[in-house]
$ cat protein-v7.cif   # mmCIF, N, CA, C and O atoms
data_final
loop_
_atom_site.label_atom_id
_atom_site.label_comp_id
_atom_site.auth_asym_id
_atom_site.auth_seq_id
_atom_site.Cartn_x
_atom_site.Cartn_y
_atom_site.Cartn_z
N MET A 784 4.43 5.88 -12.35
CA MET A 784 3.11 6.09 -11.79
C MET A 784 2.79 5.01 -10.75
O MET A 784 2.17 5.31 -9.75
N LYS A 785 3.24 3.79 -11.02
CA LYS A 785 2.97 2.71 -10.06
C LYS A 785 3.71 2.97 -8.75
O LYS A 785 3.18 2.69 -7.68
N LEU A 786 4.91 3.52 -8.84
CA LEU A 786 5.67 3.83 -7.63
C LEU A 786 4.96 4.89 -6.81
O LEU A 786 4.90 4.79 -5.58
N ILE A 787 4.39 5.88 -7.47
CA ILE A 787 3.66 6.94 -6.77
C ILE A 787 2.45 6.35 -6.05
O ILE A 787 2.19 6.67 -4.89
N LYS A 788 1.71 5.49 -6.74
CA LYS A 788 0.53 4.88 -6.13
C LYS A 788 0.91 4.05 -4.92
O LYS A 788 0.27 4.11 -3.87
N THR A 789 1.97 3.25 -5.06
CA THR A 789 2.41 2.40 -3.96
C THR A 789 2.86 3.25 -2.77
O THR A 789 2.52 2.95 -1.62
N THR A 790 3.57 4.33 -3.05
CA THR A 790 4.01 5.22 -1.98
C THR A 790 2.83 5.84 -1.26
O THR A 790 2.82 5.94 -0.03
N LEU A 791 1.82 6.26 -2.03
CA LEU A 791 0.63 6.84 -1.41
C LEU A 791 -0.10 5.83 -0.54
O LEU A 791 -0.58 6.17 0.55
N VAL A 792 -0.20 4.60 -1.00
CA VAL A 792 -0.87 3.56 -0.22
C VAL A 792 -0.13 3.30 1.08
O VAL A 792 -0.73 3.24 2.16
N ILE A 793 1.19 3.18 0.99
CA ILE A 793 1.98 2.93 2.20
C ILE A 793 1.85 4.10 3.17
O ILE A 793 1.69 3.90 4.38
N SER A 794 1.90 5.33 2.64
CA SER A 794 1.75 6.51 3.50
C SER A 794 0.39 6.52 4.19
O SER A 794 0.29 6.84 5.38
N ALA A 795 -0.65 6.19 3.43
CA ALA A 795 -2.00 6.16 4.01
C ALA A 795 -2.10 5.11 5.10
O ALA A 795 -2.73 5.33 6.14
N LEU A 796 -1.47 3.97 4.88
CA LEU A 796 -1.51 2.91 5.89
C LEU A 796 -0.75 3.31 7.15
O LEU A 796 -1.20 3.03 8.26
N MET A 797 0.37 3.99 6.98
CA MET A 797 1.12 4.45 8.15
C MET A 797 0.30 5.46 8.95
O MET A 797 0.27 5.42 10.17
N PHE A 798 -0.37 6.36 8.24
CA PHE A 798 -1.20 7.36 8.91
C PHE A 798 -2.34 6.69 9.66
O PHE A 798 -2.64 7.03 10.80
N SER A 799 -2.99 5.70 9.02
CA SER A 799 -4.11 5.04 9.68
C SER A 799 -3.64 4.23 10.88
O SER A 799 -4.34 4.13 11.88
N THR A 800 -2.44 3.65 10.80
CA THR A 800 -1.91 2.89 11.93
C THR A 800 -1.65 3.79 13.13
O THR A 800 -1.97 3.44 14.26
N SER A 801 -1.06 4.98 12.89
CA SER A 801 -0.81 5.88 14.01
C SER A 801 -2.12 6.39 14.59
O SER A 801 -2.23 6.61 15.78
N GLY A 802 -3.11 6.57 13.74
CA GLY A 802 -4.43 6.99 14.23
C GLY A 802 -5.07 5.94 15.10
O GLY A 802 -5.73 6.26 16.08
N MET A 803 -4.86 4.68 14.79
CA MET A 803 -5.44 3.59 15.58
C MET A 803 -4.83 3.56 16.98
O MET A 803 -5.50 3.22 17.94
N ALA A 804 -3.57 3.91 17.07
CA ALA A 804 -2.92 3.92 18.37
C ALA A 804 -3.48 5.03 19.25
O ALA A 804 -3.55 4.89 20.46
N ILE A 805 -3.91 6.13 18.64
CA ILE A 805 -4.42 7.27 19.40
C ILE A 805 -5.84 7.01 19.90
O ILE A 805 -6.15 7.17 21.06
N ASP A 806 -6.73 6.63 19.01
CA ASP A 806 -8.13 6.47 19.39
C ASP A 806 -8.75 5.39 18.51
O ASP A 806 -9.01 5.62 17.34
N LYS A 807 -8.99 4.22 19.08
CA LYS A 807 -9.49 3.10 18.31
C LYS A 807 -10.89 3.34 17.75
O LYS A 807 -11.20 2.88 16.65
N THR A 808 -11.72 4.04 18.47
CA THR A 808 -13.08 4.30 17.98
C THR A 808 -13.06 5.18 16.75
O THR A 808 -13.69 4.88 15.74
N ALA A 809 -12.33 6.27 16.82
CA ALA A 809 -12.22 7.18 15.68
C ALA A 809 -11.53 6.49 14.52
O ALA A 809 -11.93 6.65 13.36
N ALA A 810 -10.50 5.70 14.82
CA ALA A 810 -9.79 4.99 13.77
C ALA A 810 -10.71 3.98 13.09
O ALA A 810 -10.66 3.80 11.87
N GLY A 811 -11.56 3.34 13.87
CA GLY A 811 -12.52 2.40 13.28
C GLY A 811 -13.48 3.10 12.35
O GLY A 811 -13.82 2.59 11.28
N ALA A 812 -13.91 4.29 12.73
CA ALA A 812 -14.80 5.07 11.86
C ALA A 812 -14.10 5.48 10.58
O ALA A 812 -14.67 5.38 9.49
N VAL A 813 -12.86 5.92 10.69
CA VAL A 813 -12.10 6.32 9.50
C VAL A 813 -11.84 5.11 8.61
O VAL A 813 -11.99 5.19 7.39
N ALA A 814 -11.47 3.99 9.22
CA ALA A 814 -11.22 2.78 8.44
C ALA A 814 -12.50 2.32 7.74
O ALA A 814 -12.47 1.95 6.57
N GLY A 815 -13.61 2.36 8.45
CA GLY A 815 -14.89 1.97 7.85
C GLY A 815 -15.26 2.87 6.69
O GLY A 815 -15.73 2.40 5.65
N ALA A 816 -15.01 4.17 6.84
CA ALA A 816 -15.30 5.10 5.75
C ALA A 816 -14.40 4.83 4.55
O ALA A 816 -14.86 4.84 3.40
N ALA A 817 -13.12 4.56 4.80
CA ALA A 817 -12.20 4.28 3.70
C ALA A 817 -12.57 2.99 2.98
O ALA A 817 -12.57 2.93 1.75
N ILE A 818 -12.93 1.97 3.76
CA ILE A 818 -13.32 0.70 3.16
C ILE A 818 -14.60 0.86 2.35
O ILE A 818 -14.70 0.39 1.21
N GLY A 819 -15.58 1.56 2.92
CA GLY A 819 -16.85 1.76 2.22
C GLY A 819 -16.69 2.56 0.94
O GLY A 819 -17.20 2.17 -0.12
N ALA A 820 -15.95 3.66 1.02
CA ALA A 820 -15.75 4.50 -0.17
C ALA A 820 -14.90 3.77 -1.20
O ALA A 820 -15.16 3.86 -2.40
N GLY A 821 -13.90 3.03 -0.70
CA GLY A 821 -13.06 2.27 -1.63
C GLY A 821 -13.83 1.16 -2.33
O GLY A 821 -13.65 0.93 -3.52
N THR A 822 -14.70 0.50 -1.59
CA THR A 822 -15.53 -0.54 -2.20
C THR A 822 -16.46 0.06 -3.25
O THR A 822 -16.63 -0.50 -4.33
N GLY A 823 -17.03 1.22 -2.94
CA GLY A 823 -17.87 1.91 -3.91
C GLY A 823 -17.09 2.27 -5.17
O GLY A 823 -17.59 2.12 -6.29
N ALA A 824 -15.84 2.72 -4.98
CA ALA A 824 -15.00 3.08 -6.13
C ALA A 824 -14.70 1.87 -6.99
O ALA A 824 -14.66 1.96 -8.22
N MET A 825 -14.53 0.71 -6.35
CA MET A 825 -14.21 -0.50 -7.10
C MET A 825 -15.36 -0.94 -8.01
O MET A 825 -15.14 -1.62 -9.00
N PHE A 826 -16.59 -0.57 -7.67
CA PHE A 826 -17.74 -0.99 -8.47
C PHE A 826 -18.08 -0.01 -9.59
O PHE A 826 -19.05 -0.20 -10.30
N LYS A 827 -17.28 1.05 -9.74
CA LYS A 827 -17.52 2.00 -10.82
C LYS A 827 -17.06 1.41 -12.14
O LYS A 827 -16.16 0.59 -12.19
N ASN A 828 -17.68 1.89 -13.21
CA ASN A 828 -17.30 1.45 -14.55
C ASN A 828 -16.30 2.44 -15.15
O ASN A 828 -16.08 3.51 -14.61
N GLY A 829 -15.74 2.08 -16.27
CA GLY A 829 -14.83 2.97 -16.98
C GLY A 829 -13.43 2.93 -16.41
O GLY A 829 -13.06 2.07 -15.63
N GLU A 830 -12.63 3.92 -16.84
CA GLU A 830 -11.22 3.97 -16.46
C GLU A 830 -11.02 4.20 -14.96
O GLU A 830 -10.13 3.61 -14.36
N LYS A 831 -11.84 5.06 -14.36
CA LYS A 831 -11.69 5.30 -12.92
C LYS A 831 -11.96 4.03 -12.13
O LYS A 831 -11.27 3.74 -11.16
N GLY A 832 -12.97 3.27 -12.55
CA GLY A 832 -13.26 2.01 -11.88
C GLY A 832 -12.14 1.00 -12.04
O GLY A 832 -11.79 0.28 -11.10
N LYS A 833 -11.56 0.97 -13.24
CA LYS A 833 -10.45 0.06 -13.50
C LYS A 833 -9.25 0.43 -12.62
O LYS A 833 -8.63 -0.45 -12.02
N ASP A 834 -8.96 1.72 -12.54
CA ASP A 834 -7.85 2.17 -11.69
C ASP A 834 -8.14 1.90 -10.22
O ASP A 834 -7.24 1.57 -9.45
N ALA A 835 -9.40 2.06 -9.81
CA ALA A 835 -9.77 1.79 -8.42
C ALA A 835 -9.58 0.31 -8.09
O ALA A 835 -9.09 -0.03 -7.01
N ARG A 836 -9.94 -0.57 -9.02
CA ARG A 836 -9.77 -2.00 -8.78
C ARG A 836 -8.30 -2.38 -8.70
O ARG A 836 -7.90 -3.18 -7.85
N LYS A 837 -7.47 -1.79 -9.57
CA LYS A 837 -6.03 -2.06 -9.51
C LYS A 837 -5.46 -1.55 -8.19
O LYS A 837 -4.68 -2.25 -7.53
N GLY A 838 -5.83 -0.34 -7.81
CA GLY A 838 -5.36 0.22 -6.54
C GLY A 838 -5.81 -0.60 -5.36
O GLY A 838 -5.07 -0.79 -4.39
N GLY A 839 -7.04 -1.11 -5.42
CA GLY A 839 -7.57 -1.95 -4.35
C GLY A 839 -6.78 -3.23 -4.18
O GLY A 839 -6.50 -3.67 -3.07
N ALA A 840 -6.40 -3.83 -5.31
CA ALA A 840 -5.62 -5.08 -5.25
C ALA A 840 -4.24 -4.83 -4.65
O ALA A 840 -3.79 -5.57 -3.77
N VAL A 841 -3.57 -3.78 -5.11
CA VAL A 841 -2.25 -3.45 -4.57
C VAL A 841 -2.36 -3.09 -3.10
O VAL A 841 -1.56 -3.53 -2.27
N GLY A 842 -3.36 -2.29 -2.76
CA GLY A 842 -3.55 -1.87 -1.37
C GLY A 842 -3.81 -3.04 -0.44
O GLY A 842 -3.35 -3.05 0.70
N ALA A 843 -4.58 -4.02 -0.91
CA ALA A 843 -4.87 -5.20 -0.09
C ALA A 843 -3.59 -5.95 0.25
O ALA A 843 -3.37 -6.37 1.39
N VAL A 844 -2.72 -6.12 -0.74
CA VAL A 844 -1.46 -6.83 -0.52
C VAL A 844 -0.57 -6.06 0.43
O VAL A 844 -0.02 -6.62 1.39
N VAL A 845 -0.44 -4.74 0.19
CA VAL A 845 0.40 -3.90 1.06
C VAL A 845 -0.16 -3.87 2.47
O VAL A 845 0.59 -3.98 3.46
N GLY A 846 -1.47 -3.72 2.59
CA GLY A 846 -2.10 -3.68 3.91
C GLY A 846 -1.93 -4.97 4.68
O GLY A 846 -1.65 -4.96 5.89
N ALA A 847 -2.09 -6.10 4.00
CA ALA A 847 -1.91 -7.40 4.66
C ALA A 847 -0.47 -7.58 5.11
O ALA A 847 -0.21 -8.05 6.22
N GLY A 848 0.47 -7.18 4.25
CA GLY A 848 1.90 -7.29 4.60
C GLY A 848 2.25 -6.42 5.80
O GLY A 848 2.94 -6.85 6.72
N ALA A 849 1.76 -5.17 5.78
CA ALA A 849 2.04 -4.25 6.89
C ALA A 849 1.43 -4.76 8.19
O ALA A 849 2.05 -4.67 9.26
N ALA A 850 0.23 -5.32 8.10
CA ALA A 850 -0.42 -5.86 9.30
C ALA A 850 0.35 -7.06 9.84
O ALA A 850 0.50 -7.21 11.05
N ALA A 851 0.81 -7.91 8.96
CA ALA A 851 1.56 -9.09 9.39
C ALA A 851 2.86 -8.70 10.09
O ALA A 851 3.22 -9.27 11.12
N VAL A 852 3.54 -7.70 9.54
CA VAL A 852 4.81 -7.26 10.11
C VAL A 852 4.60 -6.63 11.49
O VAL A 852 5.40 -6.85 12.41
N THR A 853 3.52 -5.88 11.65
CA THR A 853 3.27 -5.20 12.92
C THR A 853 2.52 -6.06 13.93
O THR A 853 2.28 -5.63 15.05
N GLY A 854 2.13 -7.26 13.52
CA GLY A 854 1.44 -8.16 14.44
C GLY A 854 -0.04 -7.88 14.58
O GLY A 854 -0.67 -8.35 15.51
N ASN A 855 -0.61 -7.11 13.67
CA ASN A 855 -2.05 -6.81 13.70
C ASN A 855 -2.80 -7.79 12.82
O ASN A 855 -2.22 -8.66 12.17
N SER A 856 -4.12 -7.65 12.79
CA SER A 856 -4.96 -8.55 12.00
C SER A 856 -4.68 -8.38 10.51
O SER A 856 -4.83 -7.29 9.96
N VAL A 857 -4.28 -9.46 9.87
CA VAL A 857 -3.98 -9.44 8.44
C VAL A 857 -5.24 -9.13 7.63
O VAL A 857 -5.20 -8.38 6.66
N LEU A 858 -6.39 -9.69 8.05
CA LEU A 858 -7.63 -9.43 7.32
C LEU A 858 -8.04 -7.97 7.40
O LEU A 858 -8.46 -7.36 6.41
N LYS A 859 -7.92 -7.39 8.59
CA LYS A 859 -8.24 -5.96 8.73
C LYS A 859 -7.28 -5.11 7.91
O LYS A 859 -7.67 -4.15 7.27
N GLY A 860 -6.01 -5.46 7.94
CA GLY A 860 -5.01 -4.73 7.16
C GLY A 860 -5.30 -4.79 5.68
O GLY A 860 -5.19 -3.80 4.97
N ALA A 861 -5.69 -5.98 5.21
CA ALA A 861 -6.02 -6.12 3.79
C ALA A 861 -7.26 -5.32 3.43
O ALA A 861 -7.32 -4.69 2.37
N ALA A 862 -8.25 -5.32 4.31
CA ALA A 862 -9.48 -4.57 4.05
C ALA A 862 -9.24 -3.07 3.99
O ALA A 862 -9.68 -2.38 3.08
N VAL A 863 -8.50 -2.55 4.98
CA VAL A 863 -8.19 -1.12 4.99
C VAL A 863 -7.31 -0.77 3.80
O VAL A 863 -7.52 0.26 3.14
N GLY A 864 -6.34 -1.60 3.51
CA GLY A 864 -5.46 -1.37 2.36
C GLY A 864 -6.22 -1.35 1.05
O GLY A 864 -5.97 -0.51 0.19
N ALA A 865 -7.17 -2.27 0.90
CA ALA A 865 -7.96 -2.32 -0.33
C ALA A 865 -8.81 -1.07 -0.48
O ALA A 865 -8.89 -0.48 -1.56
N GLY A 866 -9.44 -0.66 0.61
CA GLY A 866 -10.27 0.55 0.55
C GLY A 866 -9.46 1.79 0.24
O GLY A 866 -9.82 2.59 -0.63
N THR A 867 -8.34 1.93 0.92
CA THR A 867 -7.47 3.09 0.70
C THR A 867 -6.88 3.06 -0.70
O THR A 867 -6.83 4.07 -1.39
N GLY A 868 -6.42 1.88 -1.12
CA GLY A 868 -5.83 1.74 -2.46
C GLY A 868 -6.82 2.05 -3.56
O GLY A 868 -6.48 2.66 -4.58
N ALA A 869 -8.07 1.64 -3.37
CA ALA A 869 -9.09 1.91 -4.38
C ALA A 869 -9.35 3.41 -4.50
O ALA A 869 -9.48 3.95 -5.60
N LEU A 870 -9.41 4.09 -3.36
CA LEU A 870 -9.61 5.54 -3.39
C LEU A 870 -8.45 6.25 -4.06
O LEU A 870 -8.65 7.15 -4.87
N ILE A 871 -7.23 5.82 -3.75
CA ILE A 871 -6.05 6.44 -4.36
C ILE A 871 -6.01 6.14 -5.86
O ILE A 871 -5.72 7.01 -6.66
N GLY A 872 -6.32 4.89 -6.23
CA GLY A 872 -6.34 4.53 -7.64
C GLY A 872 -7.33 5.35 -8.44
O GLY A 872 -7.04 5.80 -9.55
N GLU A 873 -8.50 5.55 -7.87
CA GLU A 873 -9.51 6.35 -8.57
C GLU A 873 -9.07 7.81 -8.63
O GLU A 873 -9.23 8.47 -9.66
N ALA A 874 -8.53 8.33 -7.54
CA ALA A 874 -8.15 9.74 -7.49
C ALA A 874 -6.99 10.07 -8.41
O ALA A 874 -6.93 11.18 -8.94
N THR A 875 -6.08 9.13 -8.60
CA THR A 875 -4.91 9.40 -9.44
C THR A 875 -5.19 9.19 -10.92
O THR A 875 -4.30 9.41 -11.73
N HIS A 876 -6.38 8.78 -11.27
CA HIS A 876 -6.74 8.56 -12.68
C HIS A 876 -6.69 9.87 -13.44
O HIS A 876 -7.14 10.88 -13.03
#

$ encode --input "protein-v7.cif" --output "structure tokens"
Amino acid sequence: MKLIKTTLVISALMFSTSGMAIDKTAAGAVAGAAIGAGTGAMFKNGEKGKDARKGGAVGAVVGAGAAAVTGNSVLKGAAVGAGTGALIGEATH
């Protein structure tokens, strides 16, 4: 299950990166929505909230690593990764 979550996070980050290359404004809106929804998921109680927090932590690490490798902002990568990871963690519960 952890491998599936990690794969989904990496796939989501790749998709968001290609979107940023196409249109930065739209990508910023999508990233903001992912971060906002992911942050909301992290504050939920119960099992879904727990899974969202775990996904957020993994996503932050993966996002920061991907950003560092590609030469982009590590903080932005961590933020987008955390938001996306939290959403995936909650959804896969």

$ atom_distance --input "protein-v7.cif" --atom1 "atom CA of Gly866 of chain A" --atom2 "atom C of Gly811 of chain A"
12.5 Å

$ atom_distance --input "protein-v7.cif" --atom1 "atom CA of Ala869 of chain A" --atom2 "atom CA of Gly821 of chain A"
4.8 Å

$ atom_distance --input "protein-v7.cif" --atom1 "atom CA of Val841 of chain A" --atom2 "atom CA of Ala865 of chain A"
7.2 Å

$ residues_around --input "protein-v7.cif" --residues "segment 833-838 of chain A" --least-positions-apart "4" --cutoff "6 Å" --atoms "all atoms listed in the file" --output "PyMOL selection string"
chain A and resi 821+824-825+827-829+842-843+864-865+867-873

$ residues_around --input "protein-v7.cif" --residues "segment 853-863 of chain A" --least-positions-apart "5" --cutoff "6 Å" --atoms "only N, CA, C and O atoms" --output "list in words"
Ala814, Ala817, Ile818, Gly839, Gly842, Ala843, Val844, Val845, Gly846, Ala847, Gly848 and Gly868 of chain A

$ axis_aligned_box --input "protein-v7.cif" --around "segment 851-859 of chain A" --padding-each-side "4 Å" --output "lines of an AutoDock Vina configuration file"
center_x = -1.5
center_y = -6.9
center_z = 11.0
size_x = 21.9
size_y = 13.5
size_z = 17.1
